[in-house]
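Trainee: What follows is protein.txt; its format and atoms are compact mmCIF, N, CA, C and O atoms.
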# COMPACT_ATOMS: atom_id res chain seq x y z
N MET A 1 -124.17 99.64 235.79
CA MET A 1 -123.86 98.65 236.80
C MET A 1 -125.14 97.99 237.28
O MET A 1 -126.12 98.67 237.58
N ARG A 2 -125.13 96.69 237.36
CA ARG A 2 -126.30 95.92 237.81
C ARG A 2 -126.44 95.95 239.32
O ARG A 2 -125.44 95.83 240.04
N PRO A 3 -127.67 96.06 239.82
CA PRO A 3 -127.85 95.99 241.27
C PRO A 3 -127.56 94.58 241.78
O PRO A 3 -127.72 93.60 241.04
N ALA A 4 -127.14 94.49 243.01
CA ALA A 4 -126.88 93.17 243.61
C ALA A 4 -128.18 92.40 243.71
O ALA A 4 -129.24 92.97 243.99
N PRO A 5 -128.14 91.08 243.45
CA PRO A 5 -129.37 90.28 243.56
C PRO A 5 -129.89 90.27 245.00
O PRO A 5 -129.11 90.30 245.95
N ARG A 6 -131.20 90.26 245.11
CA ARG A 6 -131.82 90.21 246.43
C ARG A 6 -131.57 88.86 247.08
O ARG A 6 -131.53 87.83 246.42
N LEU A 7 -131.42 88.87 248.38
CA LEU A 7 -131.29 87.64 249.15
C LEU A 7 -132.61 86.88 249.04
O LEU A 7 -133.68 87.46 249.20
N TYR A 8 -132.52 85.60 248.72
CA TYR A 8 -133.73 84.78 248.60
C TYR A 8 -134.04 84.17 249.95
O TYR A 8 -133.29 83.35 250.47
N SER A 9 -135.14 84.58 250.53
CA SER A 9 -135.56 84.10 251.84
C SER A 9 -137.03 83.67 251.74
O SER A 9 -137.93 84.38 252.18
N PRO A 10 -137.27 82.50 251.13
CA PRO A 10 -138.65 82.08 250.87
C PRO A 10 -139.38 81.64 252.13
O PRO A 10 -138.75 81.29 253.13
N PRO A 11 -140.69 81.64 252.07
CA PRO A 11 -141.47 81.10 253.17
C PRO A 11 -141.28 79.58 253.24
O PRO A 11 -140.81 78.97 252.29
N PRO A 12 -141.65 78.95 254.35
CA PRO A 12 -141.49 77.50 254.46
C PRO A 12 -142.40 76.74 253.49
O PRO A 12 -143.42 77.29 253.03
N ALA A 13 -142.06 75.51 253.22
CA ALA A 13 -142.82 74.68 252.27
C ALA A 13 -144.29 74.57 252.66
O ALA A 13 -145.16 74.52 251.78
N ASP A 14 -144.59 74.54 253.95
CA ASP A 14 -145.99 74.37 254.35
C ASP A 14 -146.83 75.62 254.10
O ASP A 14 -148.05 75.60 254.24
N ALA A 15 -146.20 76.74 253.70
CA ALA A 15 -146.95 77.94 253.31
C ALA A 15 -147.61 77.77 251.94
O ALA A 15 -148.54 78.49 251.60
N LEU A 16 -147.11 76.80 251.16
CA LEU A 16 -147.70 76.49 249.85
C LEU A 16 -148.83 75.50 250.07
O LEU A 16 -148.62 74.40 250.58
N THR A 17 -150.04 75.89 249.70
CA THR A 17 -151.18 75.00 249.89
C THR A 17 -151.73 74.55 248.54
O THR A 17 -151.73 75.30 247.57
N VAL A 18 -152.18 73.32 248.51
CA VAL A 18 -152.80 72.77 247.31
C VAL A 18 -154.30 72.97 247.44
O VAL A 18 -154.92 72.54 248.41
N GLN A 19 -154.88 73.65 246.45
CA GLN A 19 -156.31 73.93 246.46
C GLN A 19 -157.12 72.87 245.73
O GLN A 19 -158.30 72.67 246.03
N TYR A 20 -156.46 72.19 244.77
CA TYR A 20 -157.15 71.17 243.98
C TYR A 20 -156.09 70.25 243.39
O TYR A 20 -155.01 70.71 243.00
N ILE A 21 -156.41 68.96 243.32
CA ILE A 21 -155.53 68.00 242.68
C ILE A 21 -156.36 66.87 242.09
O ILE A 21 -157.35 66.45 242.69
N ASP A 22 -155.99 66.45 240.89
CA ASP A 22 -156.59 65.26 240.29
C ASP A 22 -155.50 64.55 239.49
O ASP A 22 -154.31 64.87 239.66
N ALA A 23 -155.85 63.64 238.64
CA ALA A 23 -154.87 62.87 237.88
C ALA A 23 -154.10 63.72 236.87
O ALA A 23 -153.01 63.33 236.44
N ASP A 24 -154.65 64.87 236.50
CA ASP A 24 -154.04 65.69 235.46
C ASP A 24 -153.42 67.00 235.93
O ASP A 24 -152.45 67.47 235.34
N ILE A 25 -153.98 67.60 236.96
CA ILE A 25 -153.51 68.93 237.37
C ILE A 25 -153.37 69.07 238.88
O ILE A 25 -153.97 68.32 239.66
N ILE A 26 -152.57 70.06 239.25
CA ILE A 26 -152.44 70.52 240.63
C ILE A 26 -152.65 72.03 240.60
O ILE A 26 -152.02 72.72 239.80
N VAL A 27 -153.53 72.54 241.43
CA VAL A 27 -153.71 73.98 241.58
C VAL A 27 -153.19 74.33 242.97
O VAL A 27 -153.70 73.84 243.98
N ALA A 28 -152.14 75.14 242.99
CA ALA A 28 -151.48 75.50 244.25
C ALA A 28 -151.59 77.00 244.49
O ALA A 28 -151.53 77.79 243.55
N ASP A 29 -151.73 77.37 245.76
CA ASP A 29 -151.78 78.77 246.16
C ASP A 29 -150.37 79.17 246.59
O ASP A 29 -149.92 78.84 247.69
N LYS A 30 -149.67 79.88 245.70
CA LYS A 30 -148.28 80.27 245.94
C LYS A 30 -148.23 81.52 246.80
O LYS A 30 -148.83 82.54 246.47
N PRO A 31 -147.49 81.46 247.91
CA PRO A 31 -147.35 82.67 248.72
C PRO A 31 -146.32 83.62 248.12
O PRO A 31 -145.43 83.22 247.36
N SER A 32 -146.43 84.88 248.46
CA SER A 32 -145.44 85.87 248.05
C SER A 32 -144.07 85.48 248.62
O SER A 32 -143.98 84.96 249.73
N GLY A 33 -143.03 85.72 247.84
CA GLY A 33 -141.68 85.43 248.30
C GLY A 33 -141.14 84.08 247.86
O GLY A 33 -139.96 83.79 248.06
N LEU A 34 -141.98 83.26 247.26
CA LEU A 34 -141.57 81.94 246.80
C LEU A 34 -141.48 81.95 245.28
O LEU A 34 -142.41 82.42 244.60
N LEU A 35 -140.39 81.45 244.73
CA LEU A 35 -140.26 81.34 243.28
C LEU A 35 -141.26 80.31 242.75
O LEU A 35 -141.55 79.31 243.41
N SER A 36 -141.76 80.54 241.55
CA SER A 36 -142.63 79.55 240.90
C SER A 36 -141.82 78.35 240.44
O SER A 36 -142.25 77.20 240.59
N VAL A 37 -140.66 78.62 239.87
CA VAL A 37 -139.75 77.58 239.38
C VAL A 37 -138.36 77.89 239.91
O VAL A 37 -138.08 79.02 240.30
N PRO A 38 -137.47 76.90 239.94
CA PRO A 38 -136.12 77.18 240.43
C PRO A 38 -135.46 78.32 239.67
O PRO A 38 -135.67 78.49 238.47
N GLY A 39 -134.69 79.10 240.39
CA GLY A 39 -133.97 80.21 239.79
C GLY A 39 -132.52 79.87 239.50
O GLY A 39 -132.10 78.71 239.64
N ARG A 40 -131.76 80.86 239.15
CA ARG A 40 -130.33 80.67 238.89
C ARG A 40 -129.58 80.59 240.22
O ARG A 40 -129.79 81.42 241.10
N GLY A 41 -128.73 79.61 240.34
CA GLY A 41 -127.91 79.46 241.53
C GLY A 41 -128.47 78.42 242.49
O GLY A 41 -129.68 78.18 242.55
N ASP A 42 -127.55 77.81 243.21
CA ASP A 42 -127.93 76.76 244.16
C ASP A 42 -128.85 77.26 245.25
O ASP A 42 -129.67 76.50 245.76
N ASP A 43 -128.74 78.53 245.60
CA ASP A 43 -129.55 79.08 246.69
C ASP A 43 -130.97 79.42 246.25
O ASP A 43 -131.79 79.82 247.07
N ARG A 44 -131.30 79.21 244.97
CA ARG A 44 -132.64 79.53 244.46
C ARG A 44 -133.33 78.31 243.85
O ARG A 44 -134.16 78.44 242.96
N GLN A 45 -133.01 77.14 244.33
CA GLN A 45 -133.62 75.92 243.81
C GLN A 45 -134.95 75.59 244.49
O GLN A 45 -135.77 74.86 243.96
N PHE A 46 -135.16 76.12 245.69
CA PHE A 46 -136.39 75.90 246.43
C PHE A 46 -137.49 76.73 245.79
O PHE A 46 -137.40 77.96 245.69
N SER A 47 -138.55 76.08 245.31
CA SER A 47 -139.60 76.78 244.56
C SER A 47 -140.92 76.03 244.68
O SER A 47 -140.97 74.91 245.21
N THR A 48 -141.94 76.63 244.14
CA THR A 48 -143.24 75.96 244.09
C THR A 48 -143.12 74.62 243.37
O THR A 48 -143.61 73.60 243.85
N LEU A 49 -142.44 74.63 242.23
CA LEU A 49 -142.25 73.39 241.47
C LEU A 49 -141.50 72.34 242.28
O LEU A 49 -141.90 71.18 242.31
N SER A 50 -140.42 72.73 242.96
CA SER A 50 -139.65 71.73 243.72
C SER A 50 -140.46 71.16 244.88
O SER A 50 -140.38 69.97 245.17
N ILE A 51 -141.26 71.99 245.52
CA ILE A 51 -142.11 71.51 246.63
C ILE A 51 -143.13 70.51 246.10
O ILE A 51 -143.32 69.43 246.67
N LEU A 52 -143.82 70.87 245.00
CA LEU A 52 -144.85 69.98 244.46
C LEU A 52 -144.25 68.68 243.93
O LEU A 52 -144.84 67.61 244.09
N THR A 53 -143.07 68.76 243.32
CA THR A 53 -142.40 67.55 242.84
C THR A 53 -142.05 66.63 244.00
O THR A 53 -142.21 65.41 243.90
N GLU A 54 -141.61 67.22 245.09
CA GLU A 54 -141.29 66.40 246.28
C GLU A 54 -142.55 65.75 246.84
O GLU A 54 -142.53 64.59 247.23
N ARG A 55 -143.64 66.48 246.85
CA ARG A 55 -144.89 65.95 247.42
C ARG A 55 -145.58 64.93 246.52
O ARG A 55 -146.16 63.96 247.01
N PHE A 56 -145.57 65.18 245.19
CA PHE A 56 -146.43 64.41 244.29
C PHE A 56 -145.69 63.71 243.14
O PHE A 56 -146.33 63.08 242.30
N GLY A 57 -144.39 63.82 243.06
CA GLY A 57 -143.66 63.23 241.95
C GLY A 57 -143.57 64.21 240.78
O GLY A 57 -143.81 65.41 240.94
N GLU A 58 -143.25 63.69 239.62
CA GLU A 58 -143.02 64.53 238.45
C GLU A 58 -144.17 65.51 238.23
O GLU A 58 -145.34 65.13 238.21
N THR A 59 -143.81 66.78 238.10
CA THR A 59 -144.78 67.87 237.96
C THR A 59 -144.28 68.78 236.85
O THR A 59 -143.08 69.02 236.73
N PHE A 60 -145.20 69.31 236.04
CA PHE A 60 -144.83 70.11 234.87
C PHE A 60 -145.40 71.52 234.97
O PHE A 60 -146.55 71.71 235.35
N VAL A 61 -144.61 72.49 234.60
CA VAL A 61 -144.99 73.91 234.66
C VAL A 61 -145.96 74.24 233.53
O VAL A 61 -145.73 73.87 232.38
N VAL A 62 -147.02 74.95 233.87
CA VAL A 62 -147.95 75.46 232.87
C VAL A 62 -147.77 76.97 232.73
O VAL A 62 -147.72 77.50 231.63
N HIS A 63 -147.67 77.68 233.84
CA HIS A 63 -147.43 79.12 233.84
C HIS A 63 -146.75 79.49 235.14
O HIS A 63 -146.57 78.66 236.02
N ARG A 64 -146.34 80.76 235.25
CA ARG A 64 -145.60 81.20 236.43
C ARG A 64 -146.15 82.53 236.93
O ARG A 64 -146.81 83.24 236.20
N LEU A 65 -145.82 82.83 238.17
CA LEU A 65 -146.06 84.14 238.76
C LEU A 65 -144.72 84.68 239.25
O LEU A 65 -143.84 83.90 239.64
N ASP A 66 -144.57 86.00 239.27
CA ASP A 66 -143.37 86.61 239.83
C ASP A 66 -143.21 86.21 241.29
O ASP A 66 -144.20 85.93 241.98
N MET A 67 -141.97 86.22 241.75
CA MET A 67 -141.69 85.80 243.12
C MET A 67 -142.51 86.59 244.14
O MET A 67 -143.03 86.01 245.10
N ASP A 68 -142.65 87.88 243.95
CA ASP A 68 -143.36 88.70 244.94
C ASP A 68 -144.88 88.64 244.81
O ASP A 68 -145.59 89.22 245.63
N THR A 69 -145.37 87.94 243.80
CA THR A 69 -146.80 87.83 243.57
C THR A 69 -147.34 86.55 244.19
O THR A 69 -146.78 85.48 244.00
N SER A 70 -148.43 86.65 244.92
CA SER A 70 -149.09 85.46 245.46
C SER A 70 -150.29 85.14 244.56
O SER A 70 -150.80 86.01 243.86
N GLY A 71 -150.72 83.90 244.58
CA GLY A 71 -151.89 83.54 243.81
C GLY A 71 -151.88 82.09 243.37
O GLY A 71 -150.97 81.33 243.68
N LEU A 72 -152.92 81.73 242.65
CA LEU A 72 -153.09 80.35 242.20
C LEU A 72 -152.25 80.06 240.96
O LEU A 72 -152.20 80.86 240.03
N LEU A 73 -151.59 78.92 240.99
CA LEU A 73 -150.81 78.41 239.86
C LEU A 73 -151.32 77.05 239.47
O LEU A 73 -151.67 76.24 240.34
N ILE A 74 -151.35 76.78 238.19
CA ILE A 74 -151.74 75.47 237.68
C ILE A 74 -150.49 74.74 237.23
O ILE A 74 -149.68 75.28 236.47
N PHE A 75 -150.32 73.54 237.71
CA PHE A 75 -149.24 72.65 237.28
C PHE A 75 -149.88 71.39 236.71
O PHE A 75 -150.97 70.99 237.14
N ALA A 76 -149.22 70.79 235.75
CA ALA A 76 -149.72 69.55 235.15
C ALA A 76 -149.01 68.36 235.77
O ALA A 76 -147.86 68.45 236.20
N ARG A 77 -149.69 67.24 235.76
CA ARG A 77 -149.11 66.00 236.29
C ARG A 77 -148.65 65.07 235.17
O ARG A 77 -148.00 64.07 235.45
N THR A 78 -148.99 65.42 233.93
CA THR A 78 -148.54 64.65 232.76
C THR A 78 -148.14 65.62 231.66
O THR A 78 -148.59 66.77 231.64
N ARG A 79 -147.32 65.17 230.73
CA ARG A 79 -146.94 66.01 229.59
C ARG A 79 -148.16 66.35 228.74
O ARG A 79 -148.26 67.45 228.21
N GLU A 80 -149.08 65.40 228.61
CA GLU A 80 -150.28 65.63 227.80
C GLU A 80 -151.13 66.75 228.41
O GLU A 80 -151.63 67.63 227.71
N ALA A 81 -151.30 66.72 229.72
CA ALA A 81 -152.06 67.77 230.39
C ALA A 81 -151.35 69.12 230.27
O ALA A 81 -151.99 70.15 230.04
N GLN A 82 -150.03 69.11 230.39
CA GLN A 82 -149.26 70.35 230.23
C GLN A 82 -149.49 70.97 228.86
O GLN A 82 -149.75 72.16 228.74
N SER A 83 -149.44 70.16 227.84
CA SER A 83 -149.63 70.65 226.48
C SER A 83 -151.04 71.20 226.29
O SER A 83 -151.22 72.29 225.72
N ALA A 84 -152.03 70.46 226.75
CA ALA A 84 -153.43 70.89 226.59
C ALA A 84 -153.71 72.19 227.34
O ALA A 84 -154.32 73.12 226.79
N ILE A 85 -153.25 72.29 228.58
CA ILE A 85 -153.52 73.50 229.37
C ILE A 85 -152.72 74.68 228.84
O ILE A 85 -153.23 75.80 228.78
N SER A 86 -151.48 74.45 228.42
CA SER A 86 -150.68 75.52 227.84
C SER A 86 -151.35 76.10 226.61
O SER A 86 -151.34 77.30 226.38
N SER A 87 -151.96 75.22 225.80
CA SER A 87 -152.67 75.68 224.61
C SER A 87 -153.85 76.59 224.98
O SER A 87 -154.12 77.58 224.30
N LEU A 88 -154.54 76.26 226.07
CA LEU A 88 -155.65 77.10 226.53
C LEU A 88 -155.14 78.47 226.97
O LEU A 88 -155.76 79.50 226.69
N PHE A 89 -154.00 78.51 227.67
CA PHE A 89 -153.43 79.79 228.09
C PHE A 89 -153.04 80.62 226.86
O PHE A 89 -153.29 81.82 226.80
N GLU A 90 -152.43 79.98 225.87
CA GLU A 90 -152.03 80.69 224.66
C GLU A 90 -153.23 81.25 223.90
O GLU A 90 -153.19 82.35 223.37
N ALA A 91 -154.33 80.48 223.89
CA ALA A 91 -155.54 80.92 223.20
C ALA A 91 -156.37 81.87 224.06
O ALA A 91 -157.39 82.38 223.60
N LYS A 92 -155.94 82.08 225.30
CA LYS A 92 -156.68 82.90 226.28
C LYS A 92 -158.12 82.42 226.44
O LYS A 92 -159.05 83.21 226.53
N SER A 93 -158.26 81.10 226.49
CA SER A 93 -159.59 80.50 226.65
C SER A 93 -160.01 80.42 228.10
O SER A 93 -159.25 80.29 228.98
Any chance you could give the structure as structure tokens?
Mentor:
Amino acid sequence: MRPAPRLYSPPPADALTVQYIDADIIVADKPSGLLSVPGRGDDRQFSTLSILTERFGETFVVHRLDMDTSGLLIFARTREAQSAISSLFEAKS
């Protein structure tokens, strides 16, 4: 039997801070308790990605952190930047 899903009670949007932004990337400091990307279900759509998209327009995922993990996340502002940065993560460069 599967355990019941935890209630999603994320911190407010202003808890997410942007540490760096340029034409290609956004580096955001994700607080614990906030999803990196939207989850399953209408109640889990609020995420780091949704906040950044609302603030800056189209934003692309490069990598993720678990909901309970805080730390820096890199998001791309273009598909080209997403591809280039993803390649660096894959190569562990």
Trainee: I need the strand (DSSP E) residues of chain A per DSSP on the backbone, written as a PyMOL selection string.
Mentor: chain A and resi 17-21+25-30+60-61+71-76
Trainee: For each of A:Val61, A:Ser9, A:Asp14, A:Ser86, take the minimum atom-to-atom distance to Leu73 in chain A, counting only C-alpha atoms, then give the residue where this is smallest.
Mentor: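 Closest residue, counting only C-alpha atoms: A:Val61.
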Trainee: Just checking: using all atoms listed in the file, which residue out of A:Val62, A:Pro38, A:Thr48, A:Thr53 ends up closest to Ser87 in chain A?
Mentor: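 Closest to Ser87 in chain A of all the choices is A:Val62.
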Trainee: I'd like the neighbourhood of range 18-32 of chain A as a list in words, where a residue qualifies if any of its atoms comes within 4.5 Å (using only N, CA, C and O atoms), though same-chain residues fewer than 6 positions away should be ignored.
Mentor: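 The neighbour list is Met67, Asp68, Thr69, Ser70, Gly71, Leu72, Leu73, Ile74, Phe75, Ala76, Arg77 and Thr78 of chain A.
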Trainee: State, in Å with one decimal place, the distance from CA of Asp43 in chain A to CA of Arg55 in chain A.
Mentor: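 Rounded to one decimal, the two atoms are 20.2 Å apart.
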Trainee: Can you tell me which residues surround range 10-13 of chain A at a distance of at most 7 Å, considering all atoms listed in the file, apart from same-chain residues fewer than 4 positions away, and format the answer as a VMD selection string?
Mentor: chain A and resid 17 31 to 35 46 51
Trainee: Those selected residues, please, written with N, CA, C and O atoms and delivered as a PDB file, in the coordinates of the input.
Mentor:
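Below is the file that was written, selection.pdb:
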ATOM      1  N   THR A  17    -150.040  75.890 249.700  1.00  0.00           N
ATOM      2  CA  THR A  17    -151.180  75.000 249.890  1.00  0.00           C
ATOM      3  C   THR A  17    -151.730  74.550 248.540  1.00  0.00           C
ATOM      4  O   THR A  17    -151.730  75.300 247.570  1.00  0.00           O
ATOM      5  N   PRO A  31    -147.490  81.460 247.910  1.00  0.00           N
ATOM      6  CA  PRO A  31    -147.350  82.670 248.720  1.00  0.00           C
ATOM      7  C   PRO A  31    -146.320  83.620 248.120  1.00  0.00           C
ATOM      8  O   PRO A  31    -145.430  83.220 247.360  1.00  0.00           O
ATOM      9  N   SER A  32    -146.430  84.880 248.460  1.00  0.00           N
ATOM     10  CA  SER A  32    -145.440  85.870 248.050  1.00  0.00           C
ATOM     11  C   SER A  32    -144.070  85.480 248.620  1.00  0.00           C
ATOM     12  O   SER A  32    -143.980  84.960 249.730  1.00  0.00           O
ATOM     13  N   GLY A  33    -143.030  85.720 247.840  1.00  0.00           N
ATOM     14  CA  GLY A  33    -141.680  85.430 248.300  1.00  0.00           C
ATOM     15  C   GLY A  33    -141.140  84.080 247.860  1.00  0.00           C
ATOM     16  O   GLY A  33    -139.960  83.790 248.060  1.00  0.00           O
ATOM     17  N   LEU A  34    -141.980  83.260 247.260  1.00  0.00           N
ATOM     18  CA  LEU A  34    -141.570  81.940 246.800  1.00  0.00           C
ATOM     19  C   LEU A  34    -141.480  81.950 245.280  1.00  0.00           C
ATOM     20  O   LEU A  34    -142.410  82.420 244.600  1.00  0.00           O
ATOM     21  N   LEU A  35    -140.390  81.450 244.730  1.00  0.00           N
ATOM     22  CA  LEU A  35    -140.260  81.340 243.280  1.00  0.00           C
ATOM     23  C   LEU A  35    -141.260  80.310 242.750  1.00  0.00           C
ATOM     24  O   LEU A  35    -141.550  79.310 243.410  1.00  0.00           O
ATOM     25  N   PHE A  46    -135.160  76.120 245.690  1.00  0.00           N
ATOM     26  CA  PHE A  46    -136.390  75.900 246.430  1.00  0.00           C
ATOM     27  C   PHE A  46    -137.490  76.730 245.790  1.00  0.00           C
ATOM     28  O   PHE A  46    -137.400  77.960 245.690  1.00  0.00           O
ATOM     29  N   ILE A  51    -141.260  71.990 245.520  1.00  0.00           N
ATOM     30  CA  ILE A  51    -142.110  71.510 246.630  1.00  0.00           C
ATOM     31  C   ILE A  51    -143.130  70.510 246.100  1.00  0.00           C
ATOM     32  O   ILE A  51    -143.320  69.430 246.670  1.00  0.00           O
TER      33      ILE A  51
END
Trainee: Going by DSSP on the backbone, which residues of range 5-71 of chain A come out as alpha helix (DSSP H)? List them as a list of chain:residue names.
Mentor: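 Everything in range 5-71 of chain A that counts as alpha helix (DSSP H) is A:Thr48, A:Leu49, A:Ser50, A:Ile51, A:Leu52, A:Thr53, A:Glu54, A:Arg55, A:Phe56.
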Trainee: Nearest residue to Arg64 in chain A out of A:Lys92, A:Ala4, A:Leu49, A:Ser36, using all atoms listed in the file?
Mentor: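 Selected residue with least distance to Arg64 in chain A: A:Ser36.
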Trainee: Calculate how many Å separate atom C of Ala81 in chain A from atom O of Phe60 in chain A, rounding to one decimal.
Mentor: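 Straight-line distance from atom C of Ala81 in chain A to atom O of Phe60 in chain A works out to 7.5 Å.
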